[in-house]
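Data block below; observations after.
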Amino acid sequence: MKKNTNNLIILILLFLCFGCVSKNEIPQELESTYALLNRLLPDRASQFEFNIISSKDNKDIFELDSSNSKIIINGNTPISIAYGLHYYLRNYCNASFSWSGNQLPAKEEPLPLIQEKVRKEASVPNRYYFNYCTFNYTMAFWDWERWEQEIDWMALHGINRPLALVGQEAVWQNTLKRLDYTDEEIKDFLPGPAYTGWWLLGNLEGWGGPINQSWIDAQAELQKKIVNRMKSLGMTPVYQGFYGMVPNSLKEKYPDAKIHDAGTWLNFKRPGFLIPNDSLFKKVATFYYEEQEKLYGKTAFYQGDPFHEGGSSKGVNVTKAAENIYKAMNTHSSGATWVLQAWGENPTSSLLKGIPLGRALVVDLYAEALPQWGGKPSEWARKESFMGHNWVWSEIPNFGGQTGMTAKLDRTNHDVIEALQHPLGKNMTGIGATPEGIGQDAILYDLLFDLGWETEKVNMDDWLKTYVKSRYGNINPDIEEAYQILRNTVYSSKYKHASGEDGSPPLESVLCARPGWNINKVSAWGYSNLDYDPKELVKAWKLLYNNKEAFSDSDNFRFDLVDVTRQVIANYGRELYGNMQNAFKSKDLSEFNTWSSNFLDLIKDQDSLMGSNKKFLLGTWLDMASKRATSDEERKEFDKNARMLITTWTYEKHVVNDYAYREYAGLLKDYYLPRWQTYIASCKNELEGNKSTYPDFFAFEKAWTEEDKSYPVTPSWNELEAVDYIWNRYHNQF
């Protein structure tokens with residue numbers, strides 16, 4: 001008995017020891033990558049092996065191989081391995097990880113082995129992600145669970161230079177306390193949760209606030225988790241740097257300091273600009289960087305844009321200012337890179353002259369647009385290629401988080417590679433996506449970040465087929481044809497700005513426009529004239545609809561089916577609107593009544609359709625805000641922030657009204673529909689010979705942002721049933 005007991009003890013010790021060894025065999029730098037794998041494929045994790053390998057010239061690489069029925073993924077960094085995992089899942093398993101759902105390998109199916117070793121090398125070292133606006137139009141109220149999903153998505157797409165702006169309120173609070181600010185004075189400077197991006201850009205201060213200490217503390221804790229996870233996966237987060245932005249009230253605290261008046265942005269007074277050669281600048285910069293490091297540690301990349309979107313630099317020696325801004329940054333983090341946005345006239349040559357070569361990284365936010373200095377569409381690079389500084393070819397796939405489908409797949413495929421191969425492309429060290437909102441048109445992001453690993457254009461026919469198979473788990477001739485139509489319609493935007501710039505704005509829905517006649521856009525900078533034949537999109541819709549049962553198990557397919565249906569309805573709204581307008585202009589009351597009734601019904605039906613998918617619910621957006629609140633008072637303020645951002649934006653009649661419009665269930669019914677009903681009633685009254693006045697839409701809009709009505713957070717019906725309803729009611733009209 002004693003012998004058996006001893007043997008049992010030995011077996012237990014061996015088992016425990018084996019378990020310890022297995023865990024210890026995982027290098028510390030790969031623990032987060034294995035954790036990502038376990039979140040993504042918990043039942044398959046044991047079938048993968050990750051290894052760190054060296055690479056020549058410090059270029060990012062990954063390798064795929066098989067050994068002993070395991071999938072071996074090697075890479076020089078955790079991010080390279082994560083992208084290799086994404087590459088394997090898509091190309092070998094018809095699997096994907098997306099905002100609208102995951103398409104993962106079936107548990108009962110064996111993982112395909114690698115028959116011939118694969119090795120790929122990144123074409124650029126920097127894969128950049130996020131726009132300042134993304135942190136509000138999409139992520140203003142994200143919690144850690146949602147952030148964790150996004151960081152996993154980023155890793156799988158090979159992103160290694162993400163902008164990381166959460167939690168700046170705490171940095172500024174601690175900095176200003178050291179400058180003798182009271183808590184109330186500090187809160188006058190800090191914006192509400194929905195407006196932090198424009199605050200950090202130096203466009204406004206205080207708007208949407210005040211905020212409570214609970215929010216400041218919660219955002220700081222959230223940022224710690226975000227940047228720790230980013231760093232553990234091998235990403236280098238891009239922090240907000242100190243570039244001279246200070247509260248205007250600093251003039252009262254330090255009357256002798258040189259604080260420049262940067263003017264206004266829209267209807268907002270900009271924060272002050274502390275002249276960097278003033279002795280106070282070094283003091284504030286030191287406090288700022290010290291407090292940021294205490295909270296979140298250091299990084300090698302800091303972003304900050306003096307004089308963003310028209311900020312006045314009159315009387316400022318911009319070159320000298322840039323020298324001192326970078327000096328403070330480099331003093332804090334030796335060898336730091338200053339990240340700048342190429343947007344409008346910025347960064348100017350005067351500013352770039354003040355930064356040592358090799359120490360700036362210019363993100364050309366809108367590289368897919370025809371350059372603002374003129375030239376042929378293929379002339380993608382700025383004059384003198386940003387004066388020899390390194391730069392990132394980036395695209396803005398979405399404005400304001402709007403819901404219109406748009407992208408330029410073939411153009412992106414061409415332009416990124418042309419930039420790499422162009423003589424001026426020697427300083428192009430990255431590709432990037434800088435969307436103002438995310439969750440739409442996922443296809444563009446997969447293509448764009450794939451191009452970070454290519455030196456030649458991809459074969460779009462092959463790439464598209466592989467993408468769709470991985471998105472839905474399968475493909476057939478109908479789906480393949482549907483995507484070729486999407487490629488040549490909504491994903492082949494031919495839009496041109498009046499200035500001649502060739503960009504990719506959303507094709508805006510007239511259903512959401514503030515009512516009036518001769519409407520051609522919803523937002524001030526938008527565009528609603530179709531640049532493709534809407535009947536072609538209907539063909540794609542029909543092909544998807546006819547396959548709804550075959551692909552009904554795919555979350556991604558159901559999302560896409562609803563989204564394409566939504567776009568078809570939005571397009572049809574233009575036709576009904578035109579008929580309604582013509583009837584009004586010809587003073588045909590009977591025709592006007594018919595077309596206006598049809599138009600209003602279409603808005604109602606669009607609302608019903610959107611109510612079938614959680615991603616298109618107003619309740620989903622508002623619920624995120626409510627869940628982050630710690631009191632009923634705070635919940636009301638957050639709800640107000642969330643409502644304002646996607647409607648009025650400010651409390652003044654302004655060009656940003658409806659900039660971030662959304663075709664959301666609840667918003668269509670309770671916001672856009674009543675506006676049109678009021679306007680149509682006014683027009684009908686006029687046609688009947690009565691005196692009519694133009695409605696005060698802003699009064700209604702402002703009142704709506706102050707409501708406290710809750711909206712559903714779960715779909716009201718099944719997507720297939722919803723699309724069936726639309727099909728049966730409208731397909732002959734379409």
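Naming scheme: A, B, ... for chains in displayed order of the structure tokens; residues 1 onward per chain; ligands 1 onward as shown.
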Check your understanding: Any idea what's packed within 7 Å of range 556-568 of chain A, counting only C-alpha atoms, ignoring anything in its chain fewer than 6 positions away? Could you give it as a ChimeraX atom specification?
Key -> /A:100-101,404-405,471-472,537-538,541,544,606,719,723
Using only C-alpha atoms, which residues of range 80-164 of chain A come within 12 Å of range 35-40 of chain A, and what is the closest atom pair for each, with the distance in Å to one decimal? Give it as JSON lines, sorted by chain and residue number.
{"residue": "A:Ile81", "atom": "CA", "partner": "A:Leu37", "partner_atom": "CA", "distance": 10.7}
{"residue": "A:Ala82", "atom": "CA", "partner": "A:Leu36", "partner_atom": "CA", "distance": 8.4}
{"residue": "A:Tyr83", "atom": "CA", "partner": "A:Leu37", "partner_atom": "CA", "distance": 11.6}
{"residue": "A:Gly84", "atom": "CA", "partner": "A:Leu37", "partner_atom": "CA", "distance": 11.8}
{"residue": "A:Leu85", "atom": "CA", "partner": "A:Leu37", "partner_atom": "CA", "distance": 8.6}
{"residue": "A:His86", "atom": "CA", "partner": "A:Leu37", "partner_atom": "CA", "distance": 10.4}
{"residue": "A:Leu89", "atom": "CA", "partner": "A:Leu40", "partner_atom": "CA", "distance": 11.0}
{"residue": "A:Ala95", "atom": "CA", "partner": "A:Leu40", "partner_atom": "CA", "distance": 11.0}
{"residue": "A:Ser96", "atom": "CA", "partner": "A:Leu40", "partner_atom": "CA", "distance": 10.1}
{"residue": "A:Phe97", "atom": "CA", "partner": "A:Leu40", "partner_atom": "CA", "distance": 8.4}
{"residue": "A:Ser98", "atom": "CA", "partner": "A:Leu40", "partner_atom": "CA", "distance": 11.5}
{"residue": "A:Gly101", "atom": "CA", "partner": "A:Leu40", "partner_atom": "CA", "distance": 11.8}
{"residue": "A:Asn102", "atom": "CA", "partner": "A:Leu40", "partner_atom": "CA", "distance": 8.9}
{"residue": "A:Gln103", "atom": "CA", "partner": "A:Leu40", "partner_atom": "CA", "distance": 10.4}
{"residue": "A:Leu104", "atom": "CA", "partner": "A:Leu40", "partner_atom": "CA", "distance": 8.4}
{"residue": "A:Pro105", "atom": "CA", "partner": "A:Leu40", "partner_atom": "CA", "distance": 10.5}
{"residue": "A:Glu145", "atom": "CA", "partner": "A:Arg39", "partner_atom": "CA", "distance": 11.8}
{"residue": "A:Glu148", "atom": "CA", "partner": "A:Leu36", "partner_atom": "CA", "distance": 9.5}
{"residue": "A:Gln149", "atom": "CA", "partner": "A:Arg39", "partner_atom": "CA", "distance": 9.3}
{"residue": "A:Glu150", "atom": "CA", "partner": "A:Leu36", "partner_atom": "CA", "distance": 11.4}
{"residue": "A:Ile151", "atom": "CA", "partner": "A:Leu36", "partner_atom": "CA", "distance": 9.5}
{"residue": "A:Asp152", "atom": "CA", "partner": "A:Leu36", "partner_atom": "CA", "distance": 6.5}
{"residue": "A:Trp153", "atom": "CA", "partner": "A:Leu36", "partner_atom": "CA", "distance": 9.7}
{"residue": "A:Met154", "atom": "CA", "partner": "A:Leu36", "partner_atom": "CA", "distance": 11.2}
{"residue": "A:Ala155", "atom": "CA", "partner": "A:Leu36", "partner_atom": "CA", "distance": 8.8}
{"residue": "A:Leu156", "atom": "CA", "partner": "A:Leu36", "partner_atom": "CA", "distance": 9.2}
Point to revise | Neighbour list for Leu600 in chain A as an NGL selection string, cut-off 7 Å, only C-alpha atoms, skip fewer than 4 positions in-chain | key: :A and (596 or 604 or 673)
**Study point:** All residues 12 Å or closer to Lys225 in chain A, only C-alpha atoms, same chain fewer than 2 positions away omitted, as JSON, numbers by chain
**Key:** {"A": [143, 144, 145, 146, 147, 148, 151, 164, 166, 167, 218, 219, 220, 221, 222, 223, 227, 228, 229, 230, 231, 232, 295, 296, 297]}
Include N, CA and C atoms and write out the residues we just selected as a compact mmCIF listing (two decimals), in the first residue's frame.
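Result went into selection-v2.txt, see below:
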# COMPACT_ATOMS: atom_id res chain seq x y z
N ASP A 143 -16.17 50.22 -23.00
CA ASP A 143 -15.61 49.66 -21.78
C ASP A 143 -14.45 48.75 -22.14
N TRP A 144 -13.84 48.13 -21.14
CA TRP A 144 -12.67 47.29 -21.40
C TRP A 144 -13.01 46.10 -22.27
N GLU A 145 -14.18 45.50 -22.08
CA GLU A 145 -14.55 44.34 -22.89
C GLU A 145 -14.53 44.68 -24.38
N ARG A 146 -15.09 45.86 -24.73
CA ARG A 146 -15.11 46.25 -26.15
C ARG A 146 -13.71 46.63 -26.62
N TRP A 147 -12.94 47.28 -25.77
CA TRP A 147 -11.58 47.62 -26.14
C TRP A 147 -10.73 46.36 -26.35
N GLU A 148 -10.92 45.36 -25.52
CA GLU A 148 -10.16 44.12 -25.66
C GLU A 148 -10.43 43.48 -27.01
N ILE A 151 -8.55 45.54 -29.70
CA ILE A 151 -7.10 45.33 -29.68
C ILE A 151 -6.77 43.97 -30.29
N ALA A 164 -3.42 56.20 -29.04
CA ALA A 164 -3.95 55.81 -27.72
C ALA A 164 -4.23 57.08 -26.91
N VAL A 166 -7.18 57.59 -24.76
CA VAL A 166 -8.07 57.48 -23.60
C VAL A 166 -7.32 57.94 -22.34
N GLY A 167 -8.04 58.54 -21.41
CA GLY A 167 -7.45 58.86 -20.11
C GLY A 167 -6.62 60.11 -20.05
N ALA A 218 -12.05 56.49 -13.99
CA ALA A 218 -12.39 55.29 -14.78
C ALA A 218 -11.66 55.28 -16.10
N GLN A 219 -11.56 56.44 -16.74
CA GLN A 219 -10.85 56.51 -18.02
C GLN A 219 -9.36 56.27 -17.85
N ALA A 220 -8.81 56.73 -16.74
CA ALA A 220 -7.39 56.47 -16.47
C ALA A 220 -7.13 54.98 -16.29
N GLU A 221 -8.00 54.31 -15.54
CA GLU A 221 -7.83 52.86 -15.35
C GLU A 221 -8.01 52.11 -16.66
N LEU A 222 -8.95 52.58 -17.48
CA LEU A 222 -9.17 51.95 -18.78
C LEU A 222 -7.94 52.11 -19.67
N GLN A 223 -7.35 53.30 -19.68
CA GLN A 223 -6.16 53.53 -20.51
C GLN A 223 -4.99 52.65 -20.07
N VAL A 227 -3.15 50.38 -22.89
CA VAL A 227 -1.75 50.49 -23.32
C VAL A 227 -0.93 49.30 -22.84
N ASN A 228 -1.27 48.74 -21.69
CA ASN A 228 -0.55 47.54 -21.25
C ASN A 228 -0.79 46.38 -22.20
N ARG A 229 -2.03 46.23 -22.66
CA ARG A 229 -2.33 45.16 -23.61
C ARG A 229 -1.65 45.43 -24.96
N MET A 230 -1.72 46.66 -25.42
CA MET A 230 -1.05 47.01 -26.67
C MET A 230 0.43 46.68 -26.61
N LYS A 231 1.08 47.12 -25.54
CA LYS A 231 2.52 46.89 -25.41
C LYS A 231 2.84 45.40 -25.30
N SER A 232 2.00 44.65 -24.57
CA SER A 232 2.27 43.22 -24.39
C SER A 232 2.15 42.46 -25.70
N LEU A 295 1.20 57.62 -14.94
CA LEU A 295 -0.05 56.89 -15.19
C LEU A 295 0.12 55.74 -16.18
N TYR A 296 0.79 56.01 -17.31
CA TYR A 296 0.75 55.07 -18.43
C TYR A 296 2.12 54.62 -18.94
N GLY A 297 3.19 55.08 -18.30
CA GLY A 297 4.50 54.71 -18.77
C GLY A 297 4.91 55.54 -19.99
Point to revise | Close residues, range 49-56 of chain A itself excluded, 8 Å, only C-alpha atoms, min 6 positions apart in chain, as a count of residues only | key: 12
Which residues come within 12 Å of Asp217 in chain A, counting only C-alpha atoms, excluding same-chain residues fewer than 6 positions away, as a PDB file with all heavy atoms, in the first residue's frame?
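Below you can see selection16.pdb, which holds the result:
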ATOM      1  N   VAL A 166      -7.179  57.592 -24.762  1.00  0.00           N
ATOM      2  CA  VAL A 166      -8.069  57.481 -23.603  1.00  0.00           C
ATOM      3  C   VAL A 166      -7.316  57.944 -22.344  1.00  0.00           C
ATOM      4  O   VAL A 166      -6.103  57.775 -22.231  1.00  0.00           O
ATOM      5  CB  VAL A 166      -8.553  56.024 -23.438  1.00  0.00           C
ATOM      6  CG1 VAL A 166      -9.379  55.861 -22.169  1.00  0.00           C
ATOM      7  CG2 VAL A 166      -9.360  55.593 -24.658  1.00  0.00           C
ATOM      8  N   GLY A 167      -8.041  58.538 -21.409  1.00  0.00           N
ATOM      9  CA  GLY A 167      -7.449  58.856 -20.110  1.00  0.00           C
ATOM     10  C   GLY A 167      -6.619  60.114 -20.053  1.00  0.00           C
ATOM     11  O   GLY A 167      -5.902  60.341 -19.063  1.00  0.00           O
ATOM     12  N   GLN A 168      -6.705  60.982 -21.060  1.00  0.00           N
ATOM     13  CA  GLN A 168      -5.928  62.223 -21.020  1.00  0.00           C
ATOM     14  C   GLN A 168      -6.472  63.213 -19.995  1.00  0.00           C
ATOM     15  O   GLN A 168      -5.764  64.127 -19.563  1.00  0.00           O
ATOM     16  CB  GLN A 168      -5.902  62.869 -22.406  1.00  0.00           C
ATOM     17  CG  GLN A 168      -5.005  62.146 -23.394  1.00  0.00           C
ATOM     18  CD  GLN A 168      -3.571  62.057 -22.915  1.00  0.00           C
ATOM     19  OE1 GLN A 168      -3.046  60.966 -22.689  1.00  0.00           O
ATOM     20  NE2 GLN A 168      -2.925  63.195 -22.733  1.00  0.00           N
ATOM     21  N   GLU A 169      -7.715  63.030 -19.593  1.00  0.00           N
ATOM     22  CA  GLU A 169      -8.283  63.918 -18.574  1.00  0.00           C
ATOM     23  C   GLU A 169      -7.462  63.866 -17.282  1.00  0.00           C
ATOM     24  O   GLU A 169      -7.196  64.901 -16.661  1.00  0.00           O
ATOM     25  CB  GLU A 169      -9.737  63.520 -18.274  1.00  0.00           C
ATOM     26  CG  GLU A 169     -10.669  63.618 -19.464  1.00  0.00           C
ATOM     27  CD  GLU A 169     -10.789  62.319 -20.241  1.00  0.00           C
ATOM     28  OE1 GLU A 169      -9.877  61.457 -20.126  1.00  0.00           O
ATOM     29  OE2 GLU A 169     -11.794  62.151 -20.961  1.00  0.00           O
ATOM     30  N   ALA A 170      -7.050  62.656 -16.897  1.00  0.00           N
ATOM     31  CA  ALA A 170      -6.268  62.515 -15.663  1.00  0.00           C
ATOM     32  C   ALA A 170      -4.888  63.145 -15.800  1.00  0.00           C
ATOM     33  O   ALA A 170      -4.358  63.740 -14.846  1.00  0.00           O
ATOM     34  CB  ALA A 170      -6.144  61.034 -15.298  1.00  0.00           C
ATOM     35  N   VAL A 171      -4.288  63.024 -16.988  1.00  0.00           N
ATOM     36  CA  VAL A 171      -2.974  63.632 -17.222  1.00  0.00           C
ATOM     37  C   VAL A 171      -3.069  65.145 -17.031  1.00  0.00           C
ATOM     38  O   VAL A 171      -2.248  65.764 -16.336  1.00  0.00           O
ATOM     39  CB  VAL A 171      -2.453  63.299 -18.634  1.00  0.00           C
ATOM     40  CG1 VAL A 171      -1.134  64.025 -18.903  1.00  0.00           C
ATOM     41  CG2 VAL A 171      -2.273  61.796 -18.803  1.00  0.00           C
ATOM     42  N   GLN A 173      -5.490  66.817 -15.484  1.00  0.00           N
ATOM     43  CA  GLN A 173      -5.878  67.157 -14.115  1.00  0.00           C
ATOM     44  C   GLN A 173      -4.648  67.226 -13.215  1.00  0.00           C
ATOM     45  O   GLN A 173      -4.459  68.198 -12.456  1.00  0.00           O
ATOM     46  CB  GLN A 173      -6.868  66.127 -13.573  1.00  0.00           C
ATOM     47  CG  GLN A 173      -7.352  66.451 -12.161  1.00  0.00           C
ATOM     48  CD  GLN A 173      -8.308  65.408 -11.628  1.00  0.00           C
ATOM     49  OE1 GLN A 173      -7.980  64.226 -11.585  1.00  0.00           O
ATOM     50  NE2 GLN A 173      -9.493  65.843 -11.211  1.00  0.00           N
ATOM     51  N   ASN A 174      -3.805  66.226 -13.296  1.00  0.00           N
ATOM     52  CA  ASN A 174      -2.609  66.193 -12.454  1.00  0.00           C
ATOM     53  C   ASN A 174      -1.624  67.294 -12.826  1.00  0.00           C
ATOM     54  O   ASN A 174      -0.954  67.867 -11.954  1.00  0.00           O
ATOM     55  CB  ASN A 174      -1.934  64.825 -12.563  1.00  0.00           C
ATOM     56  CG  ASN A 174      -2.808  63.717 -12.010  1.00  0.00           C
ATOM     57  OD1 ASN A 174      -3.801  63.964 -11.328  1.00  0.00           O
ATOM     58  ND2 ASN A 174      -2.446  62.474 -12.297  1.00  0.00           N
ATOM     59  N   ILE A 211     -17.351  67.082 -16.204  1.00  0.00           N
ATOM     60  CA  ILE A 211     -17.321  65.659 -15.901  1.00  0.00           C
ATOM     61  C   ILE A 211     -16.983  65.447 -14.429  1.00  0.00           C
ATOM     62  O   ILE A 211     -16.395  66.312 -13.791  1.00  0.00           O
ATOM     63  CB  ILE A 211     -16.294  64.923 -16.786  1.00  0.00           C
ATOM     64  CG1 ILE A 211     -14.923  65.592 -16.720  1.00  0.00           C
ATOM     65  CG2 ILE A 211     -16.794  64.823 -18.215  1.00  0.00           C
ATOM     66  CD1 ILE A 211     -13.840  64.842 -17.472  1.00  0.00           C
ATOM     67  N   GLN A 223      -7.350  53.300 -19.685  1.00  0.00           N
ATOM     68  CA  GLN A 223      -6.161  53.530 -20.512  1.00  0.00           C
ATOM     69  C   GLN A 223      -4.991  52.654 -20.066  1.00  0.00           C
ATOM     70  O   GLN A 223      -4.222  52.164 -20.905  1.00  0.00           O
ATOM     71  CB  GLN A 223      -5.763  55.009 -20.473  1.00  0.00           C
ATOM     72  CG  GLN A 223      -4.468  55.350 -21.200  1.00  0.00           C
ATOM     73  CD  GLN A 223      -4.574  55.356 -22.711  1.00  0.00           C
ATOM     74  OE1 GLN A 223      -5.459  54.732 -23.276  1.00  0.00           O
ATOM     75  NE2 GLN A 223      -3.664  56.056 -23.371  1.00  0.00           N
ATOM     76  N   LYS A 224      -4.859  52.438 -18.770  1.00  0.00           N
ATOM     77  CA  LYS A 224      -3.786  51.567 -18.290  1.00  0.00           C
ATOM     78  C   LYS A 224      -3.938  50.162 -18.881  1.00  0.00           C
ATOM     79  O   LYS A 224      -2.957  49.547 -19.320  1.00  0.00           O
ATOM     80  CB  LYS A 224      -3.795  51.497 -16.764  1.00  0.00           C
ATOM     81  CG  LYS A 224      -3.357  52.786 -16.080  1.00  0.00           C
ATOM     82  CD  LYS A 224      -3.541  52.702 -14.565  1.00  0.00           C
ATOM     83  CE  LYS A 224      -3.222  54.026 -13.897  1.00  0.00           C
ATOM     84  NZ  LYS A 224      -3.465  54.000 -12.436  1.00  0.00           N
ATOM     85  N   LEU A 295       1.199  57.616 -14.942  1.00  0.00           N
ATOM     86  CA  LEU A 295      -0.049  56.887 -15.189  1.00  0.00           C
ATOM     87  C   LEU A 295       0.122  55.743 -16.176  1.00  0.00           C
ATOM     88  O   LEU A 295      -0.356  54.624 -15.944  1.00  0.00           O
ATOM     89  CB  LEU A 295      -1.115  57.857 -15.715  1.00  0.00           C
ATOM     90  CG  LEU A 295      -1.705  58.842 -14.706  1.00  0.00           C
ATOM     91  CD1 LEU A 295      -2.457  59.957 -15.420  1.00  0.00           C
ATOM     92  CD2 LEU A 295      -2.638  58.115 -13.741  1.00  0.00           C
ATOM     93  N   ARG A 628     -21.672  53.356 -18.606  1.00  0.00           N
ATOM     94  CA  ARG A 628     -20.428  53.909 -18.066  1.00  0.00           C
ATOM     95  C   ARG A 628     -20.683  54.913 -16.945  1.00  0.00           C
ATOM     96  O   ARG A 628     -19.739  55.368 -16.291  1.00  0.00           O
ATOM     97  CB  ARG A 628     -19.628  54.587 -19.189  1.00  0.00           C
ATOM     98  CG  ARG A 628     -19.048  53.662 -20.240  1.00  0.00           C
ATOM     99  CD  ARG A 628     -18.003  52.688 -19.696  1.00  0.00           C
ATOM    100  NE  ARG A 628     -16.979  53.353 -18.907  1.00  0.00           N
ATOM    101  CZ  ARG A 628     -15.908  53.951 -19.415  1.00  0.00           C
ATOM    102  NH1 ARG A 628     -15.716  53.951 -20.722  1.00  0.00           N
ATOM    103  NH2 ARG A 628     -15.016  54.512 -18.625  1.00  0.00           N
ATOM    104  N   THR A 630     -21.984  56.405 -13.293  1.00  0.00           N
ATOM    105  CA  THR A 630     -21.984  55.910 -11.911  1.00  0.00           C
ATOM    106  C   THR A 630     -23.099  56.514 -11.067  1.00  0.00           C
ATOM    107  O   THR A 630     -23.209  56.223  -9.881  1.00  0.00           O
ATOM    108  CB  THR A 630     -20.629  56.216 -11.240  1.00  0.00           C
ATOM    109  OG1 THR A 630     -20.389  57.626 -11.289  1.00  0.00           O
ATOM    110  CG2 THR A 630     -19.500  55.479 -11.955  1.00  0.00           C
TER     111      THR A 630
END
Point to revise | A:Thr264, A:Asn131, A:Asn212, A:Thr647 ranked by distance to Tyr366 in chain A, top pick (using only C-alpha atoms) | key: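 Going through A:Thr264, A:Asn131, A:Asn212, A:Thr647 one by one, the smallest distance to Tyr366 in chain A is for A:Asn131.
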Distance table requested - range 537-620 of chain A against range 505-527 of chain A, cut-off 12 Å, only C-alpha atoms: one row per qualifying residue with the closest atom pair and its distance in Å to one decimal, ordered by chain and rising residue number, as a Markdown table.
| residue | atom | partner | partner_atom | distance |
| --- | --- | --- | --- | --- |
| A:Arg566 | CA | A:Ser509 | CA | 9.8 |
| A:Gln567 | CA | A:Ser509 | CA | 8.3 |
| A:Val568 | CA | A:Ser509 | CA | 10.3 |
| A:Ile569 | CA | A:Ser509 | CA | 9.1 |
| A:Ala570 | CA | A:Ser509 | CA | 5.3 |
| A:Asn571 | CA | A:Ser509 | CA | 7.2 |
| A:Tyr572 | CA | A:Ser509 | CA | 9.5 |
| A:Gly573 | CA | A:Leu511 | CA | 6.4 |
| A:Arg574 | CA | A:Val510 | CA | 6.3 |
| A:Glu575 | CA | A:Val510 | CA | 9.9 |
| A:Leu576 | CA | A:Val510 | CA | 9.9 |
| A:Tyr577 | CA | A:Val510 | CA | 7.8 |
| A:Gly578 | CA | A:Asn518 | CA | 8.7 |
| A:Asn579 | CA | A:Trp517 | CA | 11.4 |
| A:Met580 | CA | A:Trp517 | CA | 9.6 |
| A:Gln581 | CA | A:Trp517 | CA | 6.6 |
| A:Asn582 | CA | A:Trp517 | CA | 9.7 |
| A:Ala583 | CA | A:Trp517 | CA | 11.6 |
| A:Phe584 | CA | A:Trp517 | CA | 9.5 |
| A:Lys585 | CA | A:Trp517 | CA | 9.5 |
| A:Ser596 | CA | A:Leu511 | CA | 11.8 |
| A:Asn598 | CA | A:Leu511 | CA | 11.9 |
| A:Phe599 | CA | A:Leu511 | CA | 8.3 |
| A:Leu600 | CA | A:Leu511 | CA | 8.7 |
| A:Asp601 | CA | A:Leu511 | CA | 10.8 |
| A:Leu602 | CA | A:Leu511 | CA | 8.4 |
| A:Ile603 | CA | A:Leu511 | CA | 6.4 |
| A:Lys604 | CA | A:Leu511 | CA | 10.1 |
| A:Asp605 | CA | A:Leu511 | CA | 11.2 |
| A:Gln606 | CA | A:Leu511 | CA | 9.1 |
| A:Asp607 | CA | A:Leu511 | CA | 10.6 |
Exercise for review: To one decimal in Å, tell me the separation between CA of Leu530 in chain A and CA of Gly432 in chain A.
Suggested key: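 Taking CA of Leu530 in chain A and CA of Gly432 in chain A, their separation equals 27.1 Å.
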